[in-house]
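Heads up: the structure comes next, in structure tokens.
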Amino acid sequence: VQLQASGGGLVQAGGCLRLSCAASTLTFSSRVMGWFRQSPRKEREFVAAISRSGGVTNYADSVTGRFTISRNNAKKTVYLEMNDLEPEDTAVYYCGAQPAGPYYARMSIQSTNYDSWGQGTQVTVSS
């Protein structure tokens with residue numbers, strides 16, 4: 001699966017950004033999708049995940065209430081709407097796809113359960 005992330009940039013604290021991740025796979029609607037982020041000297045951390053239908057979402061505590069994950073299966077795209085951004089949100093953001101199939105229907109917060117990754121998009125929040 002090829003994933004192409006976009007939408008990152010430089011924004012002031014309190015601002016907003018919308019990330020997009022377009023997938024090439026025909027099995028997009030069969031895959032749980034997630035967003036992770038990684039800062040220098042830190043491990044990749046979970047941000048948000050969305051079920052295959054888009055009806056269920058899960059968020060890290062640090063972004064709950066500020067970020068919204070959504071998907072459009074017809075366009076094979078997952079989004080991350082980020083509001084009220086904080087300097088601590090500065091990181092490279094990666095979209096990931098879990099394998100297709102019923103065994104992988106549960107949303108995971110572990111990056112090791114995602115088998116495909118986009119190239120990452122830089123988000124920088126200035127104070």
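Each chain in the structure tokens gets a letter, A, B and so on, in the order shown; residues start at 1 in every chain, and ligands are counted from 1 in the order they appear.
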With a distance cut-off of 8 Å and only C-alpha atoms, select the neighbouring residues of range 24-31 of chain A, excluding the residue or stretch itself and same-chain residues fewer than 3 positions from it, and output the selection as a count of residues only. 15
Using DSSP assignments from the backbone, pull out every residue in chain A that falls under helix (DSSP H, G or I) and give it to me as a ChimeraX atom specification. /A:28-30,87-89,102-104,111-113
Write the residues of the preceding selection, restricted to N, CA and C atoms, as a PDB file, in the first residue's frame.
```pdb
ATOM      1  N   PHE A  28      -8.591  -0.026   0.623  1.00  0.00           N
ATOM      2  CA  PHE A  28      -8.551   1.050   1.626  1.00  0.00           C
ATOM      3  C   PHE A  28      -9.673   0.913   2.629  1.00  0.00           C
ATOM      4  N   SER A  29     -10.877   0.635   2.163  1.00  0.00           N
ATOM      5  CA  SER A  29     -12.025   0.566   3.062  1.00  0.00           C
ATOM      6  C   SER A  29     -11.977  -0.658   3.979  1.00  0.00           C
ATOM      7  N   SER A  30     -11.046  -1.545   3.741  1.00  0.00           N
ATOM      8  CA  SER A  30     -10.885  -2.733   4.588  1.00  0.00           C
ATOM      9  C   SER A  30      -9.777  -2.556   5.614  1.00  0.00           C
ATOM     10  N   PRO A  87       2.898  24.115  20.807  1.00  0.00           N
ATOM     11  CA  PRO A  87       4.288  23.808  20.420  1.00  0.00           C
ATOM     12  C   PRO A  87       4.647  22.336  20.630  1.00  0.00           C
ATOM     13  N   GLU A  88       4.023  21.697  21.609  1.00  0.00           N
ATOM     14  CA  GLU A  88       4.295  20.281  21.877  1.00  0.00           C
ATOM     15  C   GLU A  88       3.791  19.370  20.769  1.00  0.00           C
ATOM     16  N   ASP A  89       2.974  19.896  19.876  1.00  0.00           N
ATOM     17  CA  ASP A  89       2.473  19.112  18.742  1.00  0.00           C
ATOM     18  C   ASP A  89       3.483  19.072  17.594  1.00  0.00           C
ATOM     19  N   PRO A 102     -10.534  -9.247   8.474  1.00  0.00           N
ATOM     20  CA  PRO A 102     -11.274  -9.189   9.740  1.00  0.00           C
ATOM     21  C   PRO A 102     -10.398  -9.314  10.974  1.00  0.00           C
ATOM     22  N   TYR A 103      -9.260 -10.007  10.870  1.00  0.00           N
ATOM     23  CA  TYR A 103      -8.387 -10.149  12.035  1.00  0.00           C
ATOM     24  C   TYR A 103      -7.858  -8.810  12.509  1.00  0.00           C
ATOM     25  N   TYR A 104      -7.774  -7.852  11.603  1.00  0.00           N
ATOM     26  CA  TYR A 104      -7.208  -6.541  11.931  1.00  0.00           C
ATOM     27  C   TYR A 104      -8.289  -5.469  12.019  1.00  0.00           C
ATOM     28  N   SER A 111       2.295   1.108  16.813  1.00  0.00           N
ATOM     29  CA  SER A 111       2.773   1.315  15.441  1.00  0.00           C
ATOM     30  C   SER A 111       3.182  -0.004  14.782  1.00  0.00           C
ATOM     31  N   THR A 112       3.555  -0.983  15.559  1.00  0.00           N
ATOM     32  CA  THR A 112       3.978  -2.260  14.991  1.00  0.00           C
ATOM     33  C   THR A 112       2.829  -3.021  14.346  1.00  0.00           C
ATOM     34  N   ASN A 113       1.600  -2.626  14.640  1.00  0.00           N
ATOM     35  CA  ASN A 113       0.437  -3.280  14.029  1.00  0.00           C
ATOM     36  C   ASN A 113       0.028  -2.635  12.709  1.00  0.00           C
TER      37      ASN A 113
END
```
Nearest to Gln122 in chain A by atom-to-atom distance, counting only C-alpha atoms, from A:Ala13, A:Val92, A:Met33, A:Ala48: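 Closest to Gln122 in chain A, using only C-alpha atoms: A:Val92.
Residue nearest Ala22 in chain A within the list A:Ser70, A:Ser127, A:Ser6, A:Ser62: A:Ser6 [criterion: smallest interatomic distance, only C-alpha atoms].
Proximity to Tyr94 in chain A was assessed for A:Leu17, A:Leu80, A:Lys42, A:Ser108 counting only C-alpha atoms; the smallest distance is recorded for A:Leu80.
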Near Gly7 in chain A, counting only C-alpha atoms, which residues have an atom at most 12 Å away, once you skip same-chain residues fewer than 3 positions from it, shown as a PyMOL selection string? chain A and resi 4+10-11+16-22+78-82+92-95+120-124
For a quick check of understanding, using only C-alpha atoms, which of A:Val32, A:Leu85, A:Ala23, A:Val63 has the smallest distance to Phe46 in chain A?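 The closest residue to Phe46 in chain A is A:Val63.
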Based on the backbone DSSP call, show me all residues of range 16-106 of chain A assigned strand (DSSP E), as a ChimeraX atom specification. /A:17-23,33-38,45-50,57-59,67-72,77-82,91-97
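The spacing separating CA of Ser39 in chain A from CA of Gly8 in chain A amounts to 14.1 Å.
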Point-to-point distance in Å for CA of Gln38 in chain A and CA of Ile109 in chain A: 13.9 Å
